[in-house]
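Asker: Please find one structure pasted underneath; my questions will follow.
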Amino acid sequence: MELNGSPVERTAQLLRWQGEACRELGSPLYGDLLAHAADDLLAGGPTADVLSEHLDARLSTVLALRMLGGAHALALSGLAPELAAYYPSAGGRVDPKDGSPDAWAALRHTLAEQTDVVRSWLAHPPQTNEVGRAAALLGGLRHIAAEAALPIHLVEVGASAGLNLRADYFFVSGSTGRFGDPSSPVILANGWQGDAPPDSRVEVTGRTGGDIAPVDPMTADGQLRLTAYVWPDQVDRLSRLRGAFEIAARVPADLRREPASATIARTQLAPGSWTVVWHSIFRQYLSDAQRTELAEGISALGATATSDARLGYVYLEQSRAGGCPVTLTTWPGGHRRVLGSAPAHGLPVNWRTLTAPASLR
Ligand SMILES: C[S@@+](CC[C@H](N)C(=O)[O-])C[C@H]1O[C@@H](n2cnc3c(N)ncnc32)[C@H](O)[C@@H]1O
């Protein structure tokens, strides 16, 4: 997208563009609020005050989501009750059919009254952990367990808060298959479409991962941070996230502050098991050199695989052609296949019909 005009005009265009993107991705509330915020910025209102030091921000910094994340955190913490009244995430109600003028008045008031707090959120990139993406991982695990019925040691790079390291505690339903216990606090409703993965038993016996900026899902601060970046009218995403916090409190996972290269370097294949490396919507943050390093690290690990100490590599990443393929490679052999595809937030996964090669039948 090309931005034109003065720094204020360009930032207003950026807010509008972000608002339309939020609307398309299922948040009419943020669509409305960012359209109002763009007008307010041009009129020199509280939005201008909050953003005054950031008028050179580029699209990729998602400045608008940083600002709205700060205001959302205030609403969730009880420090902006007037805004919370319009945020379903905080128990409020909103009817975006009319352009949300009351919700905007409340956000404007919050920006004016709590300028410094919201400004402090502008310094940090949004940090999310999208639980819906586990639907792709779980299908991959089913394919892996069908290839060889061995316990799985799960390793996630770019794991954020590590919530998806507990994916086997989630429930997925779909038109052609289901996974897990329907009483799980995390329900991935209609998460599987198309040709469902094989009905194999998935047993996860180890959970470890890394992230350069990990979030602790057991602390109030960590939970607030992750929740604040979910859009307040996306109640299904919020419910999945909150359910995953409950599971994280009882299912331990080893999450470390480290780059992906370090996570791969400390991974070793173990006899009598699968090691499964997984990542989602993370590769786009790597430089070309880091991508190459990751691919080489996985290949080197694959070269050590045997029929008793196996490696699976599953990922859900954006493709240049659009959409996010779910890709699986297994070793020994390095057999790579695209299992299906999903939108960036992970749901639903549309599974493809696959024909197993003779070597795997
Ligand atoms: C969009 S988030 C996705 C998080 C998680 N995979 C999910 O799907 O919810 C991208 C994550 O990648 C992490 N990240 C970026 N570069 C990284 C690197 N070189 N090594 C490890 N983690 C990295 C970020 O800190 C962030 O948590």
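Ligands are numbered from 1 in the order shown, chains are lettered A, B, ... in the order of the structure tokens, and residues start at 1 in each chain.
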Show which residues sit within 7 Å of A:Gly340, as a list of chain:residue names. Count only C-alpha atoms, and ignore same-chain residues fewer than 5 positions away.

Answerer: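 Within the cut-off, the hits are A:Pro325, A:Val326, A:Val349, A:Asn350, A:Trp351, A:Arg352.
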
Asker: Taking only residues of chain A that have an atom at most 10 Å from an atom of ligand 1, what is each one's shortest atom pair and its distance in Å to one decimal, using only C-alpha atoms and all ligand atoms, in chain and number order, as a tab-separated table?

Answerer:
residue	atom	partner	partner_atom_place_in_ligand_line	distance
A:Pro125	CA	ligand 1	25 (O)	9.0
A:Pro126	CA	ligand 1	1 (C)	8.4
A:Gln127	CA	ligand 1	27 (O)	6.0
A:Thr128	CA	ligand 1	9 (O)	5.7
A:Asn129	CA	ligand 1	9 (O)	3.2
A:Glu130	CA	ligand 1	9 (O)	3.8
A:Val131	CA	ligand 1	9 (O)	6.4
A:Gly132	CA	ligand 1	9 (O)	8.3
A:Arg133	CA	ligand 1	8 (O)	6.1
A:Ala134	CA	ligand 1	8 (O)	8.2
A:Glu156	CA	ligand 1	6 (N)	7.8
A:Val157	CA	ligand 1	21 (C)	5.7
A:Gly158	CA	ligand 1	22 (N)	3.5
A:Ala159	CA	ligand 1	6 (N)	4.6
A:Ser160	CA	ligand 1	27 (O)	3.7
A:Ala161	CA	ligand 1	27 (O)	7.4
A:Gly162	CA	ligand 1	5 (C)	7.6
A:Leu163	CA	ligand 1	9 (O)	7.9
A:Asn164	CA	ligand 1	9 (O)	7.5
A:Gly209	CA	ligand 1	21 (C)	9.1
A:Gly210	CA	ligand 1	21 (C)	6.1
A:Asp211	CA	ligand 1	22 (N)	3.8
A:Ile212	CA	ligand 1	22 (N)	4.5
A:Ala213	CA	ligand 1	25 (O)	4.5
A:Pro214	CA	ligand 1	27 (O)	6.3
A:Val215	CA	ligand 1	27 (O)	8.0
A:Leu226	CA	ligand 1	9 (O)	9.9
A:Arg256	CA	ligand 1	21 (C)	9.7
A:Arg257	CA	ligand 1	21 (C)	8.1
A:Glu258	CA	ligand 1	21 (C)	6.2
A:Pro259	CA	ligand 1	20 (N)	3.4
A:Ala260	CA	ligand 1	20 (N)	3.9
A:Ser261	CA	ligand 1	20 (N)	6.9
A:Ala262	CA	ligand 1	20 (N)	8.3
A:Thr263	CA	ligand 1	21 (C)	8.2
A:Trp278	CA	ligand 1	6 (N)	8.7
A:His279	CA	ligand 1	6 (N)	5.6
A:Ser280	CA	ligand 1	8 (O)	4.4
A:Ile281	CA	ligand 1	3 (C)	5.1
A:Phe282	CA	ligand 1	10 (C)	4.3
A:Arg283	CA	ligand 1	16 (N)	7.4
A:Gln284	CA	ligand 1	15 (C)	8.2
A:Tyr285	CA	ligand 1	16 (N)	5.1
A:Leu286	CA	ligand 1	16 (N)	5.6
A:Ser287	CA	ligand 1	19 (N)	8.2
A:Gln290	CA	ligand 1	19 (N)	6.9
A:Arg291	CA	ligand 1	19 (N)	8.8
A:Leu294	CA	ligand 1	19 (N)	9.3
A:Tyr315	CA	ligand 1	6 (N)	9.6
A:Leu316	CA	ligand 1	8 (O)	8.3
A:Glu317	CA	ligand 1	8 (O)	9.1
A:Ala344	CA	ligand 1	8 (O)	8.7
A:His345	CA	ligand 1	8 (O)	8.0
A:Gly346	CA	ligand 1	8 (O)	8.4

Asker: Would you output that residue set with C-alpha atoms, as a compact mmCIF listing (two decimals), in the first residue's frame?

Answerer:
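What landed in selection.txt:
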# COMPACT_ATOMS: atom_id res chain seq x y z
CA PRO A 125 5.25 -5.32 18.81
CA PRO A 126 1.94 -7.17 19.31
CA GLN A 127 2.45 -10.64 20.72
CA THR A 128 -0.21 -13.26 20.10
CA ASN A 129 -0.51 -17.02 20.46
CA GLU A 130 -3.22 -18.28 18.17
CA VAL A 131 -4.78 -21.40 19.61
CA GLY A 132 -6.85 -22.10 16.46
CA ARG A 133 -3.64 -23.02 14.63
CA ALA A 134 -3.45 -26.18 16.73
CA GLU A 156 7.91 -25.80 18.77
CA VAL A 157 9.99 -22.94 17.40
CA GLY A 158 8.56 -19.39 17.58
CA ALA A 159 6.18 -20.77 20.22
CA SER A 160 5.09 -17.44 21.76
CA ALA A 161 3.50 -18.62 25.06
CA GLY A 162 3.73 -22.31 24.14
CA LEU A 163 -0.05 -22.79 24.30
CA ASN A 164 -0.09 -25.04 21.23
CA GLY A 209 9.86 -24.94 22.65
CA GLY A 210 11.52 -21.58 22.27
CA ASP A 211 10.76 -18.01 21.30
CA ILE A 212 12.89 -14.87 21.16
CA ALA A 213 10.17 -13.10 23.22
CA PRO A 214 8.36 -15.82 25.16
CA VAL A 215 5.28 -14.98 27.20
CA LEU A 226 -1.81 -12.04 25.00
CA ARG A 256 12.77 -21.09 26.68
CA ARG A 257 13.91 -17.64 25.55
CA GLU A 258 16.01 -18.54 22.53
CA PRO A 259 16.07 -18.19 18.74
CA ALA A 260 14.77 -21.04 16.60
CA SER A 261 18.33 -22.04 15.68
CA ALA A 262 19.08 -22.73 19.37
CA THR A 263 15.89 -24.79 19.81
CA TRP A 278 6.31 -27.61 14.53
CA HIS A 279 5.87 -23.90 13.78
CA SER A 280 3.06 -21.58 12.68
CA ILE A 281 2.97 -18.05 11.22
CA PHE A 282 6.54 -17.52 12.36
CA ARG A 283 8.78 -18.02 9.31
CA GLN A 284 7.85 -14.61 7.88
CA TYR A 285 9.74 -12.99 10.78
CA LEU A 286 13.04 -14.65 9.83
CA SER A 287 15.73 -13.16 7.61
CA GLN A 290 17.74 -17.47 9.40
CA ARG A 291 15.35 -19.36 7.09
CA LEU A 294 16.33 -23.41 10.01
CA TYR A 315 4.24 -26.24 9.70
CA LEU A 316 1.45 -23.82 8.91
CA GLU A 317 2.96 -20.85 7.10
CA ALA A 344 -3.81 -17.34 8.99
CA HIS A 345 -5.78 -17.66 12.24
CA GLY A 346 -5.86 -21.42 11.63

Asker: Which polymer residues have any atom within 9 Å of an atom of stretch 29-32 of chain A, counting only C-alpha atoms, with same-chain residues fewer than 2 positions away left out, as a PyMOL selection string?

Answerer: chain A and resi 16+18-24+26-27+34-37+68+87+94-96+99-101+103-104+231-233

Asker: Please save C-alpha atoms of the selected residues as a PDB file, in the first residue's frame.

Answerer:
ATOM      1  CA  ARG A  16      -7.735   3.323   7.945  1.00  0.00           C
ATOM      2  CA  GLN A  18      -5.508  -1.416   9.361  1.00  0.00           C
ATOM      3  CA  GLY A  19      -9.182  -0.856  10.230  1.00  0.00           C
ATOM      4  CA  GLU A  20     -10.304  -2.316   6.900  1.00  0.00           C
ATOM      5  CA  ALA A  21      -7.973  -5.288   7.400  1.00  0.00           C
ATOM      6  CA  CYS A  22      -9.485  -5.897  10.867  1.00  0.00           C
ATOM      7  CA  ARG A  23     -12.999  -5.626   9.424  1.00  0.00           C
ATOM      8  CA  GLU A  24     -12.169  -8.203   6.742  1.00  0.00           C
ATOM      9  CA  GLY A  26     -13.804 -10.440  11.482  1.00  0.00           C
ATOM     10  CA  SER A  27     -13.615  -7.360  13.722  1.00  0.00           C
ATOM     11  CA  LEU A  34      -9.839   2.898  13.466  1.00  0.00           C
ATOM     12  CA  ALA A  35     -11.887   4.879  10.925  1.00  0.00           C
ATOM     13  CA  HIS A  36     -12.882   7.265  13.757  1.00  0.00           C
ATOM     14  CA  ALA A  37      -9.294   7.342  15.066  1.00  0.00           C
ATOM     15  CA  LEU A  68      -5.566  -0.485  20.413  1.00  0.00           C
ATOM     16  CA  TYR A  87     -15.854  -4.472  24.608  1.00  0.00           C
ATOM     17  CA  VAL A  94     -21.475  -3.352  21.042  1.00  0.00           C
ATOM     18  CA  ASP A  95     -23.642  -3.130  17.960  1.00  0.00           C
ATOM     19  CA  PRO A  96     -21.321  -2.189  15.116  1.00  0.00           C
ATOM     20  CA  GLY A  99     -20.543   2.640  13.082  1.00  0.00           C
ATOM     21  CA  SER A 100     -19.966   2.321  16.848  1.00  0.00           C
ATOM     22  CA  PRO A 101     -20.093   6.065  17.719  1.00  0.00           C
ATOM     23  CA  ALA A 103     -17.637   2.906  21.533  1.00  0.00           C
ATOM     24  CA  TRP A 104     -15.511   5.495  19.737  1.00  0.00           C
ATOM     25  CA  TRP A 231      -9.690  -8.032  19.032  1.00  0.00           C
ATOM     26  CA  PRO A 232     -12.364  -7.438  21.674  1.00  0.00           C
ATOM     27  CA  ASP A 233     -15.341  -8.482  19.529  1.00  0.00           C
TER      28      ASP A 233
END

Asker: Tell me which protein, DNA and RNA residues are within 9 Å of A:Leu141, counting only C-alpha atoms, leaving out same-chain ones fewer than 2 positions away, and put them as a VMD selection string.

Answerer: chain A and resid 136 to 139 143 to 146 152 197 200 202 276 312 314

Asker: Give me, as a PyMOL selection string, all polymer residues having an atom no more than 10 Å from A:Val117, counting only C-alpha atoms and skipping those fewer than 6 positions away in the same chain.

Answerer: chain A and resi 50+67+70-71+73-74+110-111

Asker: Fewer than 6 positions away in the same chain doesn't count, so skip those; otherwise give me all residues within 10 Å of stretch 186-191 of chain A, counting only C-alpha atoms, as a ChimeraX atom specification.

Answerer: /A:131-136,167,169-180,236-237,239-247,342,346-350

Asker: Compile the contact shell of A:Tyr313 as a ChimeraX atom specification: residues with an atom at most 8 Å away, counting only C-alpha atoms, same-chain residues fewer than 5 positions apart removed.

Answerer: /A:276-278,298,327-330

Asker: Given the selection you just returned, output its residues as a file containing N, CA and C atoms, formatted as a compact mmCIF listing (two decimals), in the first residue's frame.

Answerer:
# COMPACT_ATOMS: atom_id res chain seq x y z
N VAL A 276 8.75 -34.33 16.89
CA VAL A 276 7.99 -33.56 15.90
C VAL A 276 8.28 -32.08 16.11
N VAL A 277 8.90 -31.46 15.11
CA VAL A 277 9.16 -30.02 15.14
C VAL A 277 8.00 -29.33 14.44
N TRP A 278 7.50 -28.29 15.08
CA TRP A 278 6.31 -27.61 14.53
C TRP A 278 6.49 -26.08 14.63
N ILE A 298 16.92 -28.55 10.23
CA ILE A 298 15.92 -29.62 10.16
C ILE A 298 16.46 -30.77 9.31
N THR A 327 2.05 -28.27 5.93
CA THR A 327 3.05 -29.11 5.26
C THR A 327 3.66 -30.09 6.26
N LEU A 328 3.84 -31.31 5.82
CA LEU A 328 4.44 -32.34 6.68
C LEU A 328 5.59 -33.02 5.94
N THR A 329 6.72 -33.17 6.63
CA THR A 329 7.83 -33.99 6.11
C THR A 329 8.19 -34.99 7.19
N THR A 330 8.45 -36.22 6.80
CA THR A 330 8.84 -37.23 7.79
C THR A 330 10.15 -37.90 7.37

Asker: Give me, please, the distance in Å between atom CA of A:Thr205 and atom CA of A:Pro151, quoted to one decimal.

Answerer: 6.2 Å

Asker: Identify, with DSSP run on backbone atoms, the residues in stretch 79-116 of chain A assigned to alpha helix (DSSP H), and express the list as a list in words.

Answerer: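 Those residues are Pro81, Glu82, Leu83, Ala84, Pro101, Asp102, Ala103, Trp104, Ala105, Ala106, Leu107, Arg108, His109, Thr110, Leu111, Ala112, Glu113, Thr115 and Asp116 of chain A.
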
Asker: Dump all heavy atoms for the selected residues as a compact mmCIF listing (two decimals), in the first residue's frame?

Answerer:
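Saved to out_27.txt:
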# COMPACT_ATOMS: atom_id res chain seq x y z
N PRO A 81 -13.33 1.62 32.53
CA PRO A 81 -14.66 0.99 32.55
C PRO A 81 -15.58 1.53 31.45
O PRO A 81 -16.42 0.79 30.93
CB PRO A 81 -15.20 1.32 33.95
CG PRO A 81 -14.28 2.33 34.55
CD PRO A 81 -12.99 2.27 33.80
N GLU A 82 -15.39 2.78 31.08
CA GLU A 82 -16.26 3.35 30.03
C GLU A 82 -16.03 2.64 28.70
O GLU A 82 -16.96 2.42 27.93
CB GLU A 82 -16.07 4.87 29.91
CG GLU A 82 -14.73 5.38 29.39
CD GLU A 82 -13.57 5.21 30.37
OE1 GLU A 82 -13.78 4.98 31.57
OE2 GLU A 82 -12.41 5.31 29.92
N LEU A 83 -14.78 2.23 28.45
CA LEU A 83 -14.47 1.50 27.22
C LEU A 83 -14.90 0.03 27.35
O LEU A 83 -15.47 -0.54 26.41
CB LEU A 83 -12.96 1.59 26.94
CG LEU A 83 -12.48 0.99 25.62
CD1 LEU A 83 -13.17 1.63 24.42
CD2 LEU A 83 -10.96 1.14 25.49
N ALA A 84 -14.66 -0.54 28.54
CA ALA A 84 -15.03 -1.95 28.78
C ALA A 84 -16.52 -2.16 28.49
O ALA A 84 -16.92 -3.24 28.03
CB ALA A 84 -14.70 -2.34 30.22
N PRO A 101 -20.47 4.74 17.24
CA PRO A 101 -20.09 6.07 17.72
C PRO A 101 -19.88 6.12 19.23
O PRO A 101 -18.99 6.85 19.71
CB PRO A 101 -21.28 6.96 17.30
CG PRO A 101 -22.43 6.02 17.11
CD PRO A 101 -21.83 4.71 16.67
N ASP A 102 -20.67 5.33 20.00
CA ASP A 102 -20.51 5.37 21.46
C ASP A 102 -19.21 4.70 21.88
O ASP A 102 -18.52 5.17 22.79
CB ASP A 102 -21.71 4.69 22.14
CG ASP A 102 -23.01 5.42 21.81
OD1 ASP A 102 -22.94 6.63 21.50
OD2 ASP A 102 -24.06 4.77 21.82
N ALA A 103 -18.90 3.58 21.22
CA ALA A 103 -17.64 2.91 21.53
C ALA A 103 -16.46 3.83 21.19
O ALA A 103 -15.49 3.92 21.93
CB ALA A 103 -17.52 1.60 20.75
N TRP A 104 -16.58 4.56 20.09
CA TRP A 104 -15.51 5.50 19.74
C TRP A 104 -15.39 6.61 20.79
O TRP A 104 -14.29 6.96 21.21
CB TRP A 104 -15.73 6.10 18.35
CG TRP A 104 -14.88 7.34 18.18
CD1 TRP A 104 -15.30 8.63 18.05
CD2 TRP A 104 -13.44 7.41 18.23
NE1 TRP A 104 -14.24 9.49 17.99
CE2 TRP A 104 -13.08 8.77 18.10
CE3 TRP A 104 -12.43 6.46 18.37
CZ2 TRP A 104 -11.75 9.21 18.12
CZ3 TRP A 104 -11.09 6.89 18.38
CH2 TRP A 104 -10.77 8.24 18.24
N ALA A 105 -16.53 7.14 21.26
CA ALA A 105 -16.47 8.20 22.28
C ALA A 105 -15.74 7.68 23.52
O ALA A 105 -14.93 8.40 24.13
CB ALA A 105 -17.89 8.66 22.64
N ALA A 106 -16.00 6.40 23.87
CA ALA A 106 -15.34 5.82 25.05
C ALA A 106 -13.84 5.64 24.80
O ALA A 106 -13.01 5.89 25.68
CB ALA A 106 -16.00 4.49 25.39
N LEU A 107 -13.49 5.19 23.57
CA LEU A 107 -12.06 5.01 23.27
C LEU A 107 -11.36 6.37 23.25
O LEU A 107 -10.26 6.53 23.80
CB LEU A 107 -11.88 4.30 21.92
CG LEU A 107 -10.44 4.18 21.43
CD1 LEU A 107 -9.56 3.41 22.42
CD2 LEU A 107 -10.39 3.49 20.06
N ARG A 108 -12.00 7.35 22.68
CA ARG A 108 -11.41 8.70 22.61
C ARG A 108 -11.14 9.23 24.03
O ARG A 108 -10.08 9.80 24.31
CB ARG A 108 -12.37 9.62 21.85
CG ARG A 108 -11.81 10.99 21.52
CD ARG A 108 -12.81 11.81 20.71
NE ARG A 108 -12.19 13.01 20.17
CZ ARG A 108 -12.02 14.13 20.86
NH1 ARG A 108 -12.42 14.20 22.12
NH2 ARG A 108 -11.42 15.17 20.30
N HIS A 109 -12.12 9.00 24.92
CA HIS A 109 -11.97 9.43 26.31
C HIS A 109 -10.76 8.72 26.95
O HIS A 109 -9.95 9.35 27.65
CB HIS A 109 -13.28 9.10 27.05
CG HIS A 109 -13.26 9.45 28.50
ND1 HIS A 109 -13.37 10.75 28.95
CD2 HIS A 109 -13.13 8.67 29.61
CE1 HIS A 109 -13.32 10.77 30.27
NE2 HIS A 109 -13.17 9.51 30.69
N THR A 110 -10.66 7.40 26.69
CA THR A 110 -9.54 6.62 27.26
C THR A 110 -8.20 7.15 26.74
O THR A 110 -7.23 7.31 27.50
CB THR A 110 -9.69 5.12 26.89
OG1 THR A 110 -10.97 4.69 27.35
CG2 THR A 110 -8.62 4.27 27.51
N LEU A 111 -8.13 7.44 25.43
CA LEU A 111 -6.87 7.96 24.86
C LEU A 111 -6.52 9.30 25.48
O LEU A 111 -5.35 9.60 25.74
CB LEU A 111 -7.00 8.10 23.33
CG LEU A 111 -7.24 6.80 22.53
CD1 LEU A 111 -7.40 7.12 21.04
CD2 LEU A 111 -6.11 5.79 22.74
N ALA A 112 -7.55 10.13 25.75
CA ALA A 112 -7.30 11.47 26.32
C ALA A 112 -6.88 11.38 27.78
O ALA A 112 -5.98 12.11 28.24
CB ALA A 112 -8.58 12.31 26.19
N GLU A 113 -7.52 10.45 28.52
CA GLU A 113 -7.27 10.37 29.98
C GLU A 113 -6.03 9.56 30.31
O GLU A 113 -5.44 9.75 31.37
CB GLU A 113 -8.48 9.71 30.67
CG GLU A 113 -9.75 10.53 30.63
CD GLU A 113 -9.63 11.81 31.45
OE1 GLU A 113 -9.23 11.72 32.62
OE2 GLU A 113 -9.91 12.89 30.88
N THR A 115 -3.23 8.84 28.22
CA THR A 115 -2.31 8.98 27.08
C THR A 115 -0.98 8.26 27.33
O THR A 115 -0.50 7.51 26.46
CB THR A 115 -2.04 10.48 26.83
OG1 THR A 115 -3.29 11.14 26.78
CG2 THR A 115 -1.28 10.72 25.55
N ASP A 116 -0.41 8.45 28.51
CA ASP A 116 0.93 7.88 28.74
C ASP A 116 0.91 6.36 28.78
O ASP A 116 1.83 5.72 28.28
CB ASP A 116 1.51 8.43 30.05
CG ASP A 116 1.91 9.89 29.87
OD1 ASP A 116 2.05 10.32 28.71
OD2 ASP A 116 2.06 10.59 30.89

Asker: Taking only C-alpha atoms into account, name the residue in A:Pro185, A:Ala253, A:Pro198, A:Leu76 that is nearest to A:Pro217.

Answerer: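 Nearest candidate to A:Pro217 out of A:Pro185, A:Ala253, A:Pro198, A:Leu76: A:Ala253.
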
Asker: Mind pulling up the distance from atom CA of A:Pro332 to atom CA of A:Val204?

Answerer: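 Rounded to one decimal, the two atoms are 20.0 Å apart.
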
Asker: For atom CA of A:Ala80 and atom CA of A:Leu42, quote the distance in Å rounded to one decimal.

Answerer: 24.3 Å
